[in-house]
Amino acid sequence: MNQIQMQSTVAQRYEDPALIFVHIPKAAGSTLNHILESQYALGESYATCSTPRHPEGDLNRFEALSEAQLARIRLLNGHMGYGLHRYLPRPAVYVTFLREPVERVISHYSFERTLPASPVYAYLQNGEMNLKEYVRYYAEAAEMDNLQTRMIAGNWHKRGFGPCTPEMLEQARRNLKEEFAVVGLAEQFDASYLLLKRYFGWRSVPFRWRNKTRKRLQRDQLSAAELEYIRQHNRFDLELYTYAQQLFEERVRRQGPSFPLELAWFRTQNHLYGQYWKARSYSVRARIRNIFGTSAA
């Protein structure tokens with residue numbers, strides 16, 4: 001192959017942009033990661049946090065990749081802020097899912113109460129750290145200080161310290177509108193997934209929920225003071241989420257009259273898929289009980 005042919009081949013290959021998924025913690029990202037990774041070959045993806053496909057995924061490892069390794073990436077997913085497209089030689093498009101901020105904080109708190117590896121697990125278990133103390137503790141590390149705004153604005157990895165600002169909120173709004181091909185909502189997961197499917201021309205992939213928090217604290221179990229405390233620490237996220245809802249609803253309206261029909265059909269298919277796996281799981285447990293006795297259940 002001569003030099004002109006090589007340049008032409010490279011140009012054609014890079015017309016296919018890389019997909020960057022900004023995975024906001026506890027915003028249905030683990031489920032979406034599974035769907036995304038099913039659309040790409042193993043050698044074409046890289047994760048900046050641990051996933052089943054990339055258990056050693058790490059943001060610092062990503063930054064140390066060679067040019068040849070970066071050139072192979074067509075899917076980059078994980079906990080990261082906007083801006084990593086600058087590392088990739090091919091063009092890139094962003095997608096993300098946001099979640100109602102109070103619900104995201106409650107889910108994060110509930111998850112860490114079940115996670116022995118968490119640095120605050122012991123304090124949550126013995127009662128030394130309640131919800132307000134948990135929020136205050138992580139706000140100092142930015143995890144509970146408008147995390148969604150920070151990540152979408154690009155104020156995340158190596159961000160330094162300091163509170164979230166109105167300027168970050170404005171940057172996050174601009175990025176969502178101008179840089180993100182699809183802005184999904186965790187609460188509207190099926191519809192958000194179909195927006196992705198239509199935008200990228202993917203095949204349909206039924207899914208099961210991943211990394212759902214068990215024994216999750218419910219909003220109505222919290223006092224008015226606790227809820228207000230969460231809102232105070234996530235006031236920019238609340239504004240950003242409202243804006244994301246507007247972008248999402250406008251994108252859905254533009255899909256035309258066939259979209260609700262496709263959504264209903266997809267939900268039916270996915271329900272049947274979930275029932276199949278539920279029955280299969282029950283069958284496996286029954287066989288184990290038959291072999292080892294009821295005490296093994």
# chains A, B, ... in the order shown; residues from 1 in each chain; ligands from 1
$ select_by_dssp --residues "range 67-187 of chain A" --states "alpha helix (DSSP H)" --output "ChimeraX atom specification"
/A:67-71,101-112,121-126,131-139,147-153,166-179
$ write_last_selection --atoms "C-alpha atoms" --output "PDB file, in the first residue's frame"
ATOM      1  CA  GLU A  67      -0.379   6.856  20.536  1.00  0.00           C
ATOM      2  CA  ALA A  68      -0.915   3.465  18.899  1.00  0.00           C
ATOM      3  CA  GLN A  69      -3.086   2.297  21.818  1.00  0.00           C
ATOM      4  CA  LEU A  70      -5.096   5.520  21.810  1.00  0.00           C
ATOM      5  CA  ALA A  71      -5.671   5.199  18.065  1.00  0.00           C
ATOM      6  CA  PRO A 101     -29.517  14.844  42.362  1.00  0.00           C
ATOM      7  CA  VAL A 102     -31.232  14.036  45.649  1.00  0.00           C
ATOM      8  CA  GLU A 103     -31.951  10.495  44.506  1.00  0.00           C
ATOM      9  CA  ARG A 104     -28.363  10.089  43.312  1.00  0.00           C
ATOM     10  CA  VAL A 105     -26.980  11.107  46.716  1.00  0.00           C
ATOM     11  CA  ILE A 106     -29.370   8.780  48.569  1.00  0.00           C
ATOM     12  CA  SER A 107     -28.394   5.923  46.256  1.00  0.00           C
ATOM     13  CA  HIS A 108     -24.687   6.623  46.718  1.00  0.00           C
ATOM     14  CA  TYR A 109     -25.069   6.699  50.501  1.00  0.00           C
ATOM     15  CA  SER A 110     -27.085   3.468  50.494  1.00  0.00           C
ATOM     16  CA  PHE A 111     -24.514   1.778  48.268  1.00  0.00           C
ATOM     17  CA  GLU A 112     -21.576   2.666  50.481  1.00  0.00           C
ATOM     18  CA  TYR A 121     -18.067   1.691  55.738  1.00  0.00           C
ATOM     19  CA  ALA A 122     -17.204   1.085  59.398  1.00  0.00           C
ATOM     20  CA  TYR A 123     -18.489   4.533  60.420  1.00  0.00           C
ATOM     21  CA  LEU A 124     -21.741   3.997  58.519  1.00  0.00           C
ATOM     22  CA  GLN A 125     -22.213   0.594  60.118  1.00  0.00           C
ATOM     23  CA  ASN A 126     -21.554   1.609  63.724  1.00  0.00           C
ATOM     24  CA  LEU A 131     -26.458  10.910  56.127  1.00  0.00           C
ATOM     25  CA  LYS A 132     -25.708  14.584  56.779  1.00  0.00           C
ATOM     26  CA  GLU A 133     -22.206  13.763  58.034  1.00  0.00           C
ATOM     27  CA  TYR A 134     -21.686  11.543  54.976  1.00  0.00           C
ATOM     28  CA  VAL A 135     -22.640  14.380  52.621  1.00  0.00           C
ATOM     29  CA  ARG A 136     -20.448  16.857  54.498  1.00  0.00           C
ATOM     30  CA  TYR A 137     -17.477  14.456  54.496  1.00  0.00           C
ATOM     31  CA  TYR A 138     -17.627  13.836  50.738  1.00  0.00           C
ATOM     32  CA  ALA A 139     -18.465  17.432  49.852  1.00  0.00           C
ATOM     33  CA  LEU A 147     -20.597  16.131  41.239  1.00  0.00           C
ATOM     34  CA  GLN A 148     -22.642  15.991  38.034  1.00  0.00           C
ATOM     35  CA  THR A 149     -21.957  19.651  37.279  1.00  0.00           C
ATOM     36  CA  ARG A 150     -18.241  19.170  37.937  1.00  0.00           C
ATOM     37  CA  MET A 151     -17.933  16.141  35.668  1.00  0.00           C
ATOM     38  CA  ILE A 152     -19.887  17.623  32.757  1.00  0.00           C
ATOM     39  CA  ALA A 153     -18.001  20.917  33.069  1.00  0.00           C
ATOM     40  CA  PRO A 166     -21.822  29.308  38.868  1.00  0.00           C
ATOM     41  CA  GLU A 167     -19.169  29.401  36.137  1.00  0.00           C
ATOM     42  CA  MET A 168     -18.885  25.602  36.278  1.00  0.00           C
ATOM     43  CA  LEU A 169     -22.654  25.339  35.931  1.00  0.00           C
ATOM     44  CA  GLU A 170     -22.658  27.545  32.841  1.00  0.00           C
ATOM     45  CA  GLN A 171     -19.815  25.518  31.327  1.00  0.00           C
ATOM     46  CA  ALA A 172     -21.682  22.293  32.056  1.00  0.00           C
ATOM     47  CA  ARG A 173     -24.799  23.645  30.348  1.00  0.00           C
ATOM     48  CA  ARG A 174     -22.816  24.650  27.266  1.00  0.00           C
ATOM     49  CA  ASN A 175     -21.114  21.261  27.124  1.00  0.00           C
ATOM     50  CA  LEU A 176     -24.404  19.371  27.378  1.00  0.00           C
ATOM     51  CA  LYS A 177     -25.930  21.417  24.576  1.00  0.00           C
ATOM     52  CA  GLU A 178     -22.940  21.659  22.236  1.00  0.00           C
ATOM     53  CA  GLU A 179     -20.711  18.646  22.932  1.00  0.00           C
TER      54      GLU A 179
END
$ residues_around --residues "Glu100 in chain A" --least-positions-apart "5" --cutoff "8 Å" --atoms "only C-alpha atoms" --output "ChimeraX atom specification"
/A:187,238,241
$ select_by_dssp --residues "range 86-142 of chain A" --states "strand (DSSP E or B)" --output "list of chain:residue names"
A:Ala92, A:Val93, A:Tyr94, A:Val95, A:Thr96, A:Phe97, A:Leu98
$ write_last_selection --atoms "N, CA and C atoms" --output "compact mmCIF listing (two decimals), in the first residue's frame"
# COMPACT_ATOMS: atom_id res chain seq x y z
N ALA A 92 -14.36 12.64 18.38
CA ALA A 92 -15.10 11.94 19.43
C ALA A 92 -16.43 12.65 19.69
N VAL A 93 -17.41 11.85 20.10
CA VAL A 93 -18.70 12.40 20.54
C VAL A 93 -18.94 11.92 21.97
N TYR A 94 -19.64 12.74 22.74
CA TYR A 94 -19.91 12.43 24.14
C TYR A 94 -21.37 12.03 24.34
N VAL A 95 -21.58 11.15 25.31
CA VAL A 95 -22.91 10.86 25.83
C VAL A 95 -22.81 10.75 27.34
N THR A 96 -23.93 10.96 28.01
CA THR A 96 -23.98 10.79 29.46
C THR A 96 -25.41 10.58 29.90
N PHE A 97 -25.59 10.04 31.09
CA PHE A 97 -26.89 9.95 31.75
C PHE A 97 -26.78 10.71 33.06
N LEU A 98 -27.73 11.59 33.31
CA LEU A 98 -27.81 12.29 34.58
C LEU A 98 -28.92 11.68 35.43
$ residues_around --residues "range 30-43 of chain A" --least-positions-apart "3" --cutoff "12 Å" --atoms "only C-alpha atoms" --output "PyMOL selection string"
chain A and resi 18-27+46-54+68-79+95-97+184-186+189-190+192-194+196-197+200-213
$ write_last_selection --atoms "C-alpha atoms" --output "compact mmCIF listing (two decimals), in the first residue's frame"
# COMPACT_ATOMS: atom_id res chain seq x y z
CA ALA A 18 -14.97 7.53 19.13
CA LEU A 19 -17.76 7.41 21.69
CA ILE A 20 -16.97 8.81 25.14
CA PHE A 21 -19.41 7.93 27.91
CA VAL A 22 -19.11 10.13 30.98
CA HIS A 23 -20.28 7.71 33.68
CA ILE A 24 -21.68 9.66 36.61
CA PRO A 25 -21.66 7.41 39.70
CA LYS A 26 -25.07 5.99 40.67
CA ALA A 27 -26.78 7.22 37.51
CA TYR A 46 -11.07 1.27 27.17
CA ALA A 47 -12.53 2.06 30.59
CA THR A 48 -11.22 4.65 33.03
CA CYS A 49 -12.71 2.74 35.96
CA SER A 50 -13.18 -0.92 36.70
CA THR A 51 -15.77 -2.71 34.52
CA PRO A 52 -16.29 -6.45 33.87
CA ARG A 53 -14.48 -6.08 30.57
CA HIS A 54 -11.74 -3.82 31.98
CA ALA A 68 -0.91 3.47 18.90
CA GLN A 69 -3.09 2.30 21.82
CA LEU A 70 -5.10 5.52 21.81
CA ALA A 71 -5.67 5.20 18.06
CA ARG A 72 -7.48 1.87 18.56
CA ILE A 73 -10.04 3.28 21.01
CA ARG A 74 -13.57 3.62 19.63
CA LEU A 75 -15.28 3.48 23.03
CA LEU A 76 -14.00 5.26 26.12
CA ASN A 77 -16.20 4.84 29.18
CA GLY A 78 -15.89 5.34 32.90
CA HIS A 79 -15.84 7.84 35.75
CA VAL A 95 -22.91 10.86 25.83
CA THR A 96 -23.98 10.79 29.46
CA PHE A 97 -26.89 9.95 31.75
CA GLY A 184 -30.00 10.62 28.85
CA LEU A 185 -31.80 10.46 32.17
CA ALA A 186 -31.47 7.55 34.58
CA PHE A 189 -33.46 4.75 30.96
CA ASP A 190 -35.37 2.87 28.22
CA SER A 192 -32.57 7.28 26.73
CA TYR A 193 -31.15 3.99 25.47
CA LEU A 194 -33.35 4.15 22.37
CA LEU A 196 -28.56 6.22 21.74
CA LYS A 197 -29.59 3.30 19.54
CA PHE A 200 -25.53 5.45 16.52
CA GLY A 201 -27.51 2.93 14.48
CA TRP A 202 -26.95 0.11 16.98
CA ARG A 203 -28.62 -3.27 17.08
CA SER A 204 -31.08 -3.79 19.93
CA VAL A 205 -29.59 -5.24 23.11
CA PRO A 206 -31.92 -6.30 25.94
CA PHE A 207 -30.47 -5.64 29.37
CA ARG A 208 -30.65 -6.52 33.03
CA TRP A 209 -30.05 -3.92 35.70
CA ARG A 210 -26.47 -3.93 36.99
CA ASN A 211 -25.05 -2.76 40.31
CA LYS A 212 -28.44 -1.89 41.79
CA THR A 213 -28.19 -1.00 45.46
